[in-house]
$ cat model15.txt   # compact mmCIF, C-alpha atoms
# COMPACT_ATOMS: atom_id res chain seq x y z
CA MET M 1 -58.00 -123.70 95.22
CA SER M 2 -59.56 -126.85 93.82
CA ALA M 3 -62.76 -128.32 95.14
CA ARG M 4 -62.67 -131.92 96.26
CA PHE M 5 -66.27 -132.58 95.21
CA ARG M 6 -68.39 -131.73 92.21
CA PRO M 7 -72.11 -131.23 91.70
CA GLY M 8 -73.87 -134.57 91.74
CA ASP M 9 -71.31 -136.26 94.00
CA ALA M 10 -72.66 -138.37 96.84
CA VAL M 11 -71.18 -137.11 100.10
CA ARG M 12 -71.58 -137.80 103.78
CA VAL M 13 -71.36 -135.23 106.56
CA THR M 14 -68.94 -136.70 109.05
CA ALA M 15 -70.56 -137.89 112.25
CA GLU M 16 -67.41 -137.15 114.23
CA ARG M 17 -65.81 -133.74 114.09
CA PRO M 18 -63.03 -133.28 111.56
CA ALA M 19 -59.62 -132.93 113.16
CA ILE M 20 -59.37 -129.17 112.71
CA SER M 21 -62.77 -128.66 114.33
CA VAL M 22 -62.16 -130.62 117.51
CA GLY M 23 -62.75 -128.45 120.57
CA ARG M 24 -63.94 -125.46 118.54
CA PRO M 25 -66.75 -123.70 120.39
CA HIS M 26 -68.39 -122.41 117.20
CA ILE M 27 -69.31 -124.58 114.23
CA ARG M 28 -71.79 -124.04 111.43
CA THR M 29 -72.68 -127.66 110.70
CA PRO M 30 -76.13 -128.31 112.15
CA HIS M 31 -76.53 -131.43 114.26
CA TYR M 32 -79.32 -132.86 112.16
CA VAL M 33 -77.08 -133.51 109.12
CA ARG M 34 -74.23 -135.14 111.03
CA GLY M 35 -73.62 -138.60 109.60
CA GLN M 36 -76.19 -138.01 106.85
CA ARG M 37 -75.70 -138.78 103.20
CA GLY M 38 -76.49 -136.13 100.61
CA THR M 39 -75.73 -134.95 97.11
CA VAL M 40 -73.64 -131.93 96.18
CA ALA M 41 -76.05 -129.46 94.61
CA GLU M 42 -73.56 -126.67 93.99
CA VAL M 43 -69.96 -125.74 94.69
CA MET M 44 -69.85 -122.21 96.14
CA GLY M 45 -66.09 -121.70 96.26
CA PRO M 46 -63.67 -121.04 99.11
CA PHE M 47 -64.58 -119.09 102.24
CA ARG M 48 -62.78 -118.35 105.48
CA ASN M 49 -63.47 -120.95 108.14
CA PRO M 50 -66.06 -119.60 110.62
CA GLU M 51 -64.68 -121.85 113.36
CA GLY M 52 -61.49 -119.81 113.32
CA LEU M 53 -63.16 -116.46 112.67
CA ALA M 54 -65.32 -116.91 115.75
CA ALA M 55 -62.17 -117.19 117.85
CA GLY M 56 -60.79 -113.96 116.44
CA GLU M 57 -58.45 -115.80 114.08
CA ASP M 58 -58.09 -115.19 110.36
CA GLY M 59 -60.14 -118.23 109.36
CA LEU M 60 -57.39 -119.52 107.10
CA PRO M 61 -56.93 -121.79 105.30
CA LYS M 62 -60.15 -121.20 103.44
CA GLN M 63 -62.49 -124.14 102.98
CA VAL M 64 -64.58 -124.79 99.91
CA LEU M 65 -68.26 -124.35 100.73
CA TYR M 66 -70.87 -126.66 99.23
CA ARG M 67 -74.64 -126.65 99.07
CA VAL M 68 -75.60 -130.22 99.86
CA ARG M 69 -79.08 -131.59 99.24
CA PHE M 70 -80.75 -134.21 101.44
CA PRO M 71 -84.05 -136.05 101.01
CA GLN M 72 -86.34 -134.99 103.84
CA PRO M 73 -87.70 -138.49 104.65
CA GLN M 74 -84.10 -139.59 105.21
CA LEU M 75 -83.40 -136.79 107.70
CA TRP M 76 -86.58 -137.05 109.77
CA ARG M 77 -88.29 -140.21 110.87
CA GLY M 78 -91.97 -139.97 110.01
CA TYR M 79 -91.48 -136.92 107.79
CA ALA M 80 -95.00 -135.61 107.13
CA GLY M 81 -94.66 -134.70 103.48
CA PRO M 82 -94.01 -136.19 100.05
CA ALA M 83 -90.87 -138.23 99.51
CA GLY M 84 -89.61 -135.71 96.95
CA ASP M 85 -89.19 -132.87 99.47
CA THR M 86 -85.58 -131.85 100.07
CA LEU M 87 -83.41 -129.76 102.33
CA GLU M 88 -80.23 -127.96 101.26
CA VAL M 89 -77.56 -126.96 103.72
CA GLU M 90 -74.26 -125.11 103.28
CA ILE M 91 -71.43 -127.37 104.47
CA TYR M 92 -67.69 -126.70 104.47
CA GLU M 93 -65.45 -129.21 102.76
CA HIS M 94 -63.64 -130.40 105.88
CA TRP M 95 -66.96 -131.77 107.17
CA LEU M 96 -67.57 -133.88 104.04
CA GLU M 97 -66.32 -137.25 102.92
CA PRO M 98 -67.23 -139.32 99.87
CA ALA M 99 -70.33 -141.43 100.43
CA HIS M 100 -70.17 -144.93 99.12
CA ALA M 101 -73.16 -146.26 97.26
CA MET O 1 -90.66 -101.25 106.84
CA HIS O 2 -91.57 -102.25 110.39
CA ASP O 3 -95.26 -101.64 109.88
CA PRO O 4 -96.96 -104.66 111.40
CA HIS O 5 -99.44 -104.58 108.52
CA ASP O 6 -96.83 -105.33 105.95
CA HIS O 7 -98.97 -105.83 102.86
CA ALA O 8 -97.69 -105.87 99.34
CA HIS O 9 -99.11 -102.47 98.55
CA ASP O 10 -97.08 -100.95 101.37
CA GLN O 11 -93.86 -101.89 99.71
CA GLY O 12 -93.41 -98.71 97.80
CA HIS O 13 -94.46 -96.49 100.65
CA ASP O 14 -92.29 -97.68 103.48
CA HIS O 15 -89.95 -94.76 103.78
CA GLY O 16 -90.65 -91.97 106.18
CA HIS O 17 -92.84 -93.95 108.53
CA ASP O 18 -90.28 -94.37 111.22
CA HIS O 19 -90.41 -91.07 113.04
CA GLY O 20 -89.26 -90.45 116.56
CA HIS O 21 -86.22 -92.70 116.68
CA SER O 22 -83.07 -91.52 118.33
CA HIS O 23 -80.42 -90.00 116.10
CA GLY O 24 -77.89 -89.86 118.90
CA HIS O 25 -79.82 -87.28 120.89
CA ALA O 26 -82.55 -87.84 123.46
CA PRO O 27 -85.77 -89.27 122.06
CA PRO O 28 -89.10 -87.77 123.14
CA PRO O 29 -89.56 -88.23 126.91
CA ASP O 30 -92.78 -90.15 126.45
CA ASP O 31 -91.10 -92.90 124.43
CA PRO O 32 -91.54 -95.85 126.79
CA SER O 33 -88.59 -97.75 125.39
CA PHE O 34 -86.26 -94.92 126.39
CA ARG O 35 -86.61 -95.51 130.09
CA SER O 36 -85.98 -99.23 130.04
CA GLU O 37 -82.81 -100.63 131.51
CA GLN O 38 -81.85 -102.20 128.22
CA ALA O 39 -82.34 -98.96 126.33
CA LEU O 40 -80.01 -97.18 128.76
CA ALA O 41 -77.49 -99.99 128.47
CA ALA O 42 -77.48 -99.66 124.68
CA ARG O 43 -76.93 -95.94 125.05
CA ALA O 44 -74.13 -96.56 127.51
CA LEU O 45 -72.47 -98.95 125.08
CA ARG O 46 -72.69 -96.47 122.23
CA LEU O 47 -71.28 -93.65 124.35
CA LEU O 48 -68.38 -95.81 125.54
CA LEU O 49 -67.53 -96.91 122.03
CA GLU O 50 -67.64 -93.29 120.88
CA GLU O 51 -65.36 -92.29 123.76
CA ALA O 52 -63.02 -95.15 122.78
CA GLY O 53 -62.89 -93.79 119.25
CA VAL O 54 -64.37 -96.97 117.85
CA LEU O 55 -67.50 -95.18 116.69
CA ALA O 56 -67.41 -91.73 115.17
CA PRO O 57 -69.95 -89.18 116.41
CA GLY O 58 -73.18 -89.61 114.48
CA GLU O 59 -71.99 -92.83 112.86
CA VAL O 60 -74.65 -94.94 114.56
CA ALA O 61 -77.38 -92.52 113.54
CA ARG O 62 -76.19 -92.59 109.94
CA GLN O 63 -76.14 -96.39 109.94
CA ILE O 64 -79.68 -96.45 111.35
CA ASP O 65 -80.80 -94.17 108.52
CA ARG O 66 -79.06 -96.42 106.03
CA MET O 67 -80.77 -99.48 107.43
CA ASP O 68 -84.16 -97.76 107.56
CA ALA O 69 -83.86 -96.99 103.86
CA ILE O 70 -83.68 -100.68 102.99
CA THR O 71 -87.11 -102.29 102.70
CA PRO O 72 -88.50 -105.33 100.91
CA ALA O 73 -89.41 -102.95 98.08
CA LEU O 74 -85.82 -103.24 96.91
CA GLY O 75 -86.10 -106.99 96.59
CA ALA O 76 -89.51 -106.66 94.96
CA ALA O 77 -88.04 -104.38 92.30
CA VAL O 78 -85.33 -106.94 91.57
CA VAL O 79 -87.91 -109.71 91.26
CA ALA O 80 -90.13 -107.63 88.98
CA ARG O 81 -87.22 -106.90 86.68
CA ALA O 82 -86.28 -110.57 86.59
CA TRP O 83 -89.86 -111.39 85.63
CA THR O 84 -89.85 -108.98 82.70
CA ASP O 85 -86.25 -109.16 81.45
CA PRO O 86 -84.82 -112.64 80.75
CA GLY O 87 -81.30 -111.30 80.33
CA PHE O 88 -81.44 -109.60 83.73
CA LYS O 89 -82.85 -112.74 85.26
CA ALA O 90 -79.96 -114.79 83.91
CA ARG O 91 -77.47 -112.27 85.29
CA LEU O 92 -79.27 -112.25 88.63
CA MET O 93 -79.04 -116.02 88.92
CA ALA O 94 -75.38 -116.09 87.87
CA THR O 95 -73.92 -113.00 89.57
CA PRO O 96 -76.52 -111.62 91.96
CA ALA O 97 -74.48 -108.78 93.44
CA ALA O 98 -73.57 -107.39 90.03
CA ALA O 99 -77.18 -107.63 88.87
CA CYS O 100 -78.38 -105.77 91.95
CA ALA O 101 -75.73 -103.14 91.34
CA GLU O 102 -77.24 -102.58 87.87
CA MET O 103 -80.32 -101.41 89.73
CA GLY O 104 -78.33 -99.19 92.06
CA ILE O 105 -78.59 -101.64 94.96
CA ASP O 106 -75.38 -102.06 96.92
CA LEU O 107 -75.42 -105.38 98.77
CA GLN O 108 -72.48 -104.21 100.91
CA GLY O 109 -70.56 -107.45 100.57
CA THR O 110 -73.49 -109.80 101.12
CA VAL O 111 -73.02 -113.04 99.18
CA LEU O 112 -76.52 -113.36 97.76
CA HIS O 113 -77.84 -116.61 96.36
CA VAL O 114 -81.07 -116.62 94.38
CA VAL O 115 -83.30 -119.68 94.28
CA GLU O 116 -86.09 -119.76 91.76
CA ASN O 117 -89.57 -121.12 92.32
CA THR O 118 -90.76 -123.15 89.36
CA ALA O 119 -93.69 -125.36 88.46
CA SER O 120 -91.92 -128.22 90.21
CA VAL O 121 -89.99 -126.61 93.10
CA HIS O 122 -91.01 -124.26 95.90
CA ASN O 123 -88.15 -122.81 97.92
CA MET O 124 -88.28 -121.75 101.56
CA ILE O 125 -85.49 -120.12 103.57
CA VAL O 126 -84.57 -120.51 107.23
CA CYS O 127 -81.49 -120.09 109.39
CA THR O 128 -81.81 -122.71 112.10
CA LEU O 129 -78.60 -121.69 113.89
CA CYS O 130 -79.31 -117.97 114.26
CA SER O 131 -81.36 -115.84 111.79
CA CYS O 132 -79.22 -115.10 108.76
CA TYR O 133 -81.20 -113.02 106.28
CA PRO O 134 -80.41 -110.82 103.24
CA LYS O 135 -80.73 -107.59 105.23
CA THR O 136 -78.92 -105.46 102.68
CA LEU O 137 -81.63 -106.27 100.16
CA LEU O 138 -84.77 -106.81 102.21
CA GLY O 139 -84.12 -104.88 105.43
CA ILE O 140 -84.68 -106.17 108.96
CA PRO O 141 -86.18 -109.69 109.06
CA PRO O 142 -89.63 -110.22 110.57
CA ASP O 143 -89.90 -111.45 114.16
CA TRP O 144 -91.37 -114.75 113.05
CA TYR O 145 -88.30 -115.55 110.96
CA LYS O 146 -86.15 -115.16 114.10
CA SER O 147 -88.52 -117.15 116.29
CA PHE O 148 -87.46 -120.46 117.78
CA ALA O 149 -90.62 -122.06 116.42
CA TYR O 150 -89.77 -121.15 112.84
CA ARG O 151 -86.10 -122.02 113.20
CA SER O 152 -86.97 -125.44 114.65
CA ARG O 153 -89.93 -126.39 112.49
CA ALA O 154 -89.14 -125.03 109.03
CA VAL O 155 -86.61 -127.79 108.35
CA ILE O 156 -88.61 -130.72 109.74
CA GLU O 157 -92.19 -129.80 108.83
CA PRO O 158 -92.09 -127.08 106.18
CA ARG O 159 -95.53 -127.85 104.77
CA SER O 160 -97.10 -127.51 108.20
CA VAL O 161 -95.39 -124.14 108.63
CA LEU O 162 -96.49 -123.10 105.15
CA ALA O 163 -100.06 -124.05 106.01
CA GLU O 164 -99.91 -121.63 108.96
CA PHE O 165 -98.93 -118.97 106.44
CA GLY O 166 -101.90 -119.92 104.27
CA VAL O 167 -99.84 -121.73 101.64
CA THR O 168 -100.76 -125.23 100.55
CA LEU O 169 -98.80 -126.90 97.79
CA PRO O 170 -99.63 -130.10 95.94
CA ASP O 171 -97.60 -133.20 96.73
CA GLY O 172 -96.21 -133.15 93.20
CA ILE O 173 -94.31 -129.93 93.92
CA GLU O 174 -91.01 -130.36 95.73
CA VAL O 175 -90.69 -128.17 98.80
CA ARG O 176 -86.99 -127.36 99.07
CA VAL O 177 -85.90 -125.79 102.33
CA HIS O 178 -82.58 -123.93 102.47
CA ASP O 179 -80.85 -123.70 105.83
CA SER O 180 -78.68 -120.61 105.63
CA THR O 181 -75.86 -122.06 107.70
CA ALA O 182 -72.79 -120.37 106.31
CA ASP O 183 -71.94 -117.31 104.25
CA LEU O 184 -74.75 -117.16 101.72
CA ARG O 185 -77.92 -115.11 102.10
CA TYR O 186 -80.90 -116.30 100.13
CA LEU O 187 -83.50 -114.60 97.99
CA VAL O 188 -86.42 -116.63 96.72
CA LEU O 189 -87.40 -115.59 93.22
CA PRO O 190 -91.13 -116.32 93.31
CA ALA O 191 -93.00 -117.49 90.22
CA ARG O 192 -94.69 -114.75 88.24
CA PRO O 193 -98.43 -115.08 88.73
CA ALA O 194 -100.68 -115.88 85.81
CA GLY O 195 -102.81 -113.07 84.46
CA THR O 196 -100.02 -110.46 84.63
CA GLU O 197 -99.09 -110.40 80.98
CA GLY O 198 -98.04 -106.95 79.83
CA TRP O 199 -97.86 -105.50 83.34
CA SER O 200 -95.26 -102.84 84.09
CA GLU O 201 -92.38 -103.59 86.45
CA GLU O 202 -93.87 -101.22 88.99
CA ARG O 203 -97.23 -102.95 88.94
CA LEU O 204 -95.55 -106.37 89.19
CA ALA O 205 -93.32 -105.28 92.07
CA ALA O 206 -96.41 -104.39 94.10
CA LEU O 207 -97.36 -108.10 94.01
CA VAL O 208 -94.05 -109.25 95.49
CA THR O 209 -94.38 -109.43 99.25
CA ARG O 210 -91.50 -109.80 101.68
CA ASP O 211 -92.78 -113.23 102.67
CA SER O 212 -92.80 -114.41 99.05
CA MET O 213 -89.07 -113.64 98.89
CA ILE O 214 -88.51 -115.78 102.00
CA GLY O 215 -90.71 -118.56 100.67
CA THR O 216 -93.66 -118.41 103.05
CA ALA O 217 -96.00 -116.75 100.58
CA VAL O 218 -96.87 -117.00 96.91
CA PRO O 219 -97.65 -113.83 94.95
CA ALA O 220 -101.07 -113.62 93.34
CA ALA O 221 -102.42 -111.14 90.85
CA MET T 1 -73.22 -122.69 126.54
CA THR T 2 -72.42 -126.22 127.56
CA THR T 3 -69.04 -126.78 129.12
CA ASN T 4 -68.30 -129.31 126.42
CA PRO T 5 -68.02 -127.58 123.05
CA GLU T 6 -68.58 -130.91 121.33
CA GLN T 7 -72.13 -131.03 122.63
CA ARG T 8 -74.95 -129.56 120.62
CA GLY T 9 -75.78 -126.06 121.77
CA LEU T 10 -79.32 -124.87 122.39
CA HIS T 11 -79.06 -122.64 119.33
CA ASP T 12 -78.67 -125.70 117.06
CA MET T 13 -82.41 -126.20 117.08
CA GLY T 14 -83.32 -127.49 113.61
CA GLY T 15 -85.98 -130.18 114.06
CA ASP T 16 -86.57 -129.13 117.68
CA PRO T 17 -84.24 -131.69 119.30
CA ASP T 18 -84.91 -130.31 122.79
CA HIS T 19 -88.67 -130.62 122.29
CA ARG T 20 -89.19 -127.06 123.44
CA TRP T 21 -90.20 -124.91 120.50
CA SER T 22 -92.75 -126.78 118.42
CA GLY T 23 -95.69 -124.48 118.78
CA PRO T 24 -97.28 -122.30 116.11
CA VAL T 25 -94.96 -119.74 114.57
CA PRO T 26 -95.77 -116.46 116.36
CA ARG T 27 -96.86 -114.01 113.69
CA GLY T 28 -96.99 -110.70 115.53
CA GLU T 29 -94.34 -108.28 114.32
CA HIS T 30 -93.00 -105.50 116.47
CA VAL T 31 -91.55 -102.23 115.33
CA LEU T 32 -87.92 -102.12 116.43
CA ALA T 33 -87.35 -99.93 119.46
CA PRO T 34 -84.74 -97.21 119.04
CA TRP T 35 -82.31 -99.09 121.25
CA GLU T 36 -82.67 -102.19 119.08
CA LYS T 37 -81.83 -100.20 115.98
CA GLU T 38 -78.87 -98.78 117.85
CA VAL T 39 -77.60 -102.26 118.71
CA ASP T 40 -78.10 -103.41 115.12
CA ALA T 41 -76.22 -100.38 113.85
CA ILE T 42 -73.35 -100.82 116.32
CA ARG T 43 -72.98 -104.46 115.30
CA THR T 44 -72.96 -103.57 111.58
CA ILE T 45 -70.35 -100.87 112.08
CA LEU T 46 -68.16 -103.15 114.20
CA GLY T 47 -68.41 -105.77 111.47
CA ARG T 48 -67.44 -103.30 108.80
CA LYS T 49 -64.43 -102.21 110.86
CA GLY T 50 -63.32 -105.78 111.52
CA LEU T 51 -63.84 -105.39 115.27
CA GLN T 52 -66.46 -108.11 115.53
CA THR T 53 -67.03 -110.62 112.75
CA ALA T 54 -70.42 -112.24 112.20
CA ASP T 55 -68.98 -115.43 113.67
CA GLU T 56 -67.70 -113.64 116.74
CA LEU T 57 -71.21 -112.25 117.19
CA ARG T 58 -72.65 -115.73 116.80
CA LEU T 59 -70.25 -117.32 119.26
CA GLY T 60 -71.00 -114.60 121.78
CA ILE T 61 -74.66 -115.53 121.51
CA GLU T 62 -74.13 -119.30 121.46
CA ARG T 63 -72.06 -119.18 124.64
CA LEU T 64 -74.91 -117.62 126.63
CA PRO T 65 -76.18 -119.95 129.35
CA GLY T 66 -79.12 -121.92 127.96
CA GLU T 67 -81.78 -120.23 129.99
CA ASP T 68 -80.52 -116.77 129.10
CA TYR T 69 -80.49 -117.78 125.45
CA ALA T 70 -84.11 -118.88 125.74
CA ARG T 71 -85.30 -115.91 127.81
CA LEU T 72 -83.52 -112.91 126.28
CA SER T 73 -84.90 -111.13 123.25
CA TYR T 74 -83.07 -111.19 119.93
CA TYR T 75 -81.34 -107.85 120.37
CA GLU T 76 -80.67 -108.49 124.05
CA ARG T 77 -78.64 -111.49 122.90
CA TRP T 78 -76.83 -109.34 120.34
CA PHE T 79 -76.12 -106.74 122.98
CA ARG T 80 -74.57 -109.29 125.33
CA SER T 81 -72.43 -110.68 122.55
CA ILE T 82 -71.15 -107.27 121.49
CA VAL T 83 -70.19 -106.43 125.08
CA TYR T 84 -68.45 -109.81 125.43
CA THR T 85 -66.36 -109.27 122.31
CA MET T 86 -65.50 -105.69 123.24
CA GLU T 87 -64.33 -106.77 126.70
CA LEU T 88 -62.46 -109.75 125.27
CA LYS T 89 -60.54 -107.43 122.97
CA GLY T 90 -59.91 -104.85 125.67
CA ILE T 91 -61.91 -102.17 123.91
CA LEU T 92 -64.11 -102.06 127.00
CA ARG T 93 -62.74 -102.68 130.45
CA PRO T 94 -64.65 -104.99 132.80
CA GLY T 95 -67.11 -102.95 134.84
CA GLN T 96 -66.92 -99.98 132.50
CA LEU T 97 -70.38 -100.54 131.07
CA ALA T 98 -71.94 -100.93 134.51
CA ALA T 99 -70.27 -97.70 135.60
CA LYS T 100 -71.52 -95.83 132.55
CA LEU T 101 -75.00 -97.17 133.08
CA ALA T 102 -74.96 -95.99 136.69
CA GLU T 103 -73.75 -92.59 135.51
CA LEU T 104 -76.59 -92.29 133.03
CA LYS T 105 -79.13 -93.23 135.68
CA ALA T 106 -77.67 -90.75 138.15
CA ARG T 107 -77.93 -88.05 135.54
CA GLY T 108 -81.63 -88.87 135.30
CA ALA T 109 -81.20 -89.53 131.63

$ encode --input "model15.txt" --output "structure tokens"
Amino acid sequence: MSARFRPGDAVRVTAERPAISVGRPHIRTPHYVRGQRGTVAEVMGPFRNPEGLAAGEDGLPKQVLYRVRFPQPQLWRGYAGPAGDTLEVEIYEHWLEPAHA
Amino acid sequence: MHDPHDHAHDQGHDHGHDHGHSHGHAPPPDDPSFRSEQALAARALRLLLEEAGVLAPGEVARQIDRMDAITPALGAAVVARAWTDPGFKARLMATPAAACAEMGIDLQGTVLHVVENTASVHNMIVCTLCSCYPKTLLGIPPDWYKSFAYRSRAVIEPRSVLAEFGVTLPDGIEVRVHDSTADLRYLVLPARPAGTEGWSEERLAALVTRDSMIGTAVPAA
Amino acid sequence: MTTNPEQRGLHDMGGDPDHRWSGPVPRGEHVLAPWEKEVDAIRTILGRKGLQTADELRLGIERLPGEDYARLSYYERWFRSIVYTMELKGILRPGQLAAKLAELKARGA
């Protein structure tokens, strides 16, 4: 299956839930990256969707998993460290959209 | 492995310390944990699952033995080989499970991801949502890794957490925190300390602490 | 768990949004009790056999009422989640665990 994004792409984690995740009791997108803009660090390939697996389903269709990098001062107001510090989070494709410059 | 004094030089001597645990039969009567309500409940669960045919007799005991055999020494051996063998290191970064298999380490399906500390980047691992950890390579995670304080603070104030662990890094080094939110399990490949030229893998492995493979320690010679 | 699945659960604690956990990281390490190893082993075997996925385990933990989530130990949370999944799938009947526990106590185990 082809990945929608490539390393280096600017992406945004959707603030609202993607359609297929609405009402799902188990998600693996942490709250603190919702609506945040990051850069694709690496494309990890397709994995079964944990939102479905948690409900005893087969987790299909698979979603491409990305490691997305965020600048720490952007995530946390008053971040107490150098501006170059980063945070990388694994995010499934259906939670990502292209970020415009 | 669960020795509270988990120093680097214990890494190679972790096996055989865990006597007295239940292998499916009654532990010694003076084991205080045996009498607790929760201990009985766990036993009740195991017995019911055995009666239901979900667990085979002795299967839990065998799995406990399997888990007990996995200690941070396994990860330390992988790191030491990566330090001494550039080809192995490249294979470890590209296909971690296959590289571990070269050393006889079966990751049992774990999708391992290796992040390398360099002169410009220091990596630190956390799972804010639960406590995901590369158990099939490093064994059971330490209590602090599972603590709410670590899970909450590692992402927002990593340098403050590192300072509690006795690690201070210059501003010019990027601290990169990895939140293990999905299917990957992370191994930090620490930087090889200076002054270790010509050391054997075994001697190098003794420098690699569990915490250095999580990112809350830095090996020193 | 909150009644609204769209709301952030207590487990989603990166950055300490509930302002509850920002103390020093506790550094004491305890040796796992035999029952904790048993629970860990049961969970691993169930995962291997496809009877409880890692995400089913996680959901079982995330759905614990907030104060239970905060109060219970790590393996107590795992234990509750395993029982929940086993009952959900009909592998355990409701009340069966309580009955077995009572039996073990009566036996003076």

$ atom_distance --input "model15.txt" --atom1 "CA of Arg34 (chain M)" --atom2 "CA of Thr14 (chain M)"
5.9 Å

$ residues_around --input "model15.txt" --residues "Gly195 (chain O)" --least-positions-apart "3" --cutoff "12 Å" --atoms "all atoms listed in the file" --output "ChimeraX atom specification"
/O:192,198-199,204,219-221

$ residues_around --input "model15.txt" --residues "Ile45 (chain T)" --least-positions-apart "2" --cutoff "12 Å" --atoms "all atoms listed in the file" --output "VMD selection string"
(chain O and resid 46 49 to 50 54 to 56 58 to 64 66 to 67 108) or (chain T and resid 38 to 43 47 to 54 82)

$ closest_atom_pairs --input "model15.txt" --of "chain T" --to "chain M" --cutoff "10 Å" --atoms "all atoms listed in the file" --output "CSV"
residue,atom,partner,partner_atom,distance
T:Met1,CA,M:Pro25,CA,9.0
T:Thr2,CA,M:Pro25,CA,9.5
T:Thr3,CA,M:Pro25,CA,9.5
T:Asn4,CA,M:Gly23,CA,8.1
T:Pro5,CA,M:Pro25,CA,4.9
T:Glu6,CA,M:Gly23,CA,6.4
T:Gln7,CA,M:Pro25,CA,9.4
T:Arg8,CA,M:His31,CA,6.8
T:Gly9,CA,M:His31,CA,9.3
T:His11,CA,M:Pro30,CA,9.6
T:Asp12,CA,M:Pro30,CA,6.1
T:Met13,CA,M:Pro30,CA,8.3
T:Gly14,CA,M:Tyr32,CA,6.9
T:Gly15,CA,M:Tyr32,CA,7.4
T:Asp16,CA,M:Tyr32,CA,9.8
T:Pro17,CA,M:Tyr32,CA,8.7
T:Gly50,CA,M:Gly56,CA,9.9
T:Leu51,CA,M:Gly56,CA,9.2
T:Gln52,CA,M:Gly56,CA,8.2
T:Thr53,CA,M:Leu53,CA,7.0
T:Ala54,CA,M:Ala54,CA,7.8
T:Asp55,CA,M:Ala54,CA,4.5
T:Glu56,CA,M:Ala54,CA,4.2
T:Leu57,CA,M:Ala54,CA,7.6
T:Arg58,CA,M:Ala54,CA,7.5
T:Leu59,CA,M:His26,CA,5.8
T:Gly60,CA,M:Ala54,CA,8.6
T:Glu62,CA,M:His26,CA,7.8
T:Arg63,CA,M:Pro25,CA,8.2
T:Thr85,CA,M:Gly56,CA,9.4
T:Leu88,CA,M:Gly56,CA,9.9
T:Lys89,CA,M:Gly56,CA,9.2

$ interface_residues --input "model15.txt" --of "chain M" --to "chain O" --cutoff "12 Å" --atoms "only C-alpha atoms" --output "VMD selection string"
chain M and resid 26 to 33 41 to 42 44 to 51 63 to 92

$ atom_distance --input "model15.txt" --atom1 "CA of Ala39 (chain O)" --atom2 "CA of Gly95 (chain T)"
17.9 Å

$ residues_around --input "model15.txt" --residues "Ala99 (chain M)" --least-positions-apart "5" --cutoff "7 Å" --atoms "only C-alpha atoms" --output "PyMOL selection string"
chain M and resi 10-12+37

$ closest_residue --input "model15.txt" --among "T:Glu103, T:Glu87, T:Glu29, T:Asp68" --to "chain O" --atoms "all atoms listed in the file"
T:Glu29

$ residues_around --input "model15.txt" --residues "region 215-218 of chain O" --least-positions-apart "4" --cutoff "12 Å" --atoms "only C-alpha atoms" --output "PyMOL selection string"
(chain O and resi 7-8+114-118+121-126+142+144-145+150+154+158-169+175-178+186-194+207-211) or (chain T and resi 25+27)

$ residues_around --input "model15.txt" --residues "Asp106 (chain O)" --least-positions-apart "3" --cutoff "8 Å" --atoms "all atoms listed in the file" --output "ChimeraX atom specification"
/O:97,100-101,136

$ atom_distance --input "model15.txt" --atom1 "CA of Leu96 (chain M)" --atom2 "CA of Ile20 (chain M)"
12.8 Å

$ closest_residue --input "model15.txt" --among "T:Tyr84, T:Tyr75, T:Leu101, T:Ala70" --to "chain O" --atoms "only C-alpha atoms"
T:Leu101

$ axis_aligned_box --input "model15.txt" --around "region 34-47 of chain M" --padding-each-side "5 Å" --output "JSON"
{"center_x": -70.1, "center_y": -128.9, "center_z": 102.5, "size_x": 22.8, "size_y": 29.7, "size_z": 27.0}

$ closest_residue --input "model15.txt" --among "T:Arg71, T:His30, T:Arg80, T:Arg107" --to "chain O" --atoms "all atoms listed in the file"
T:His30
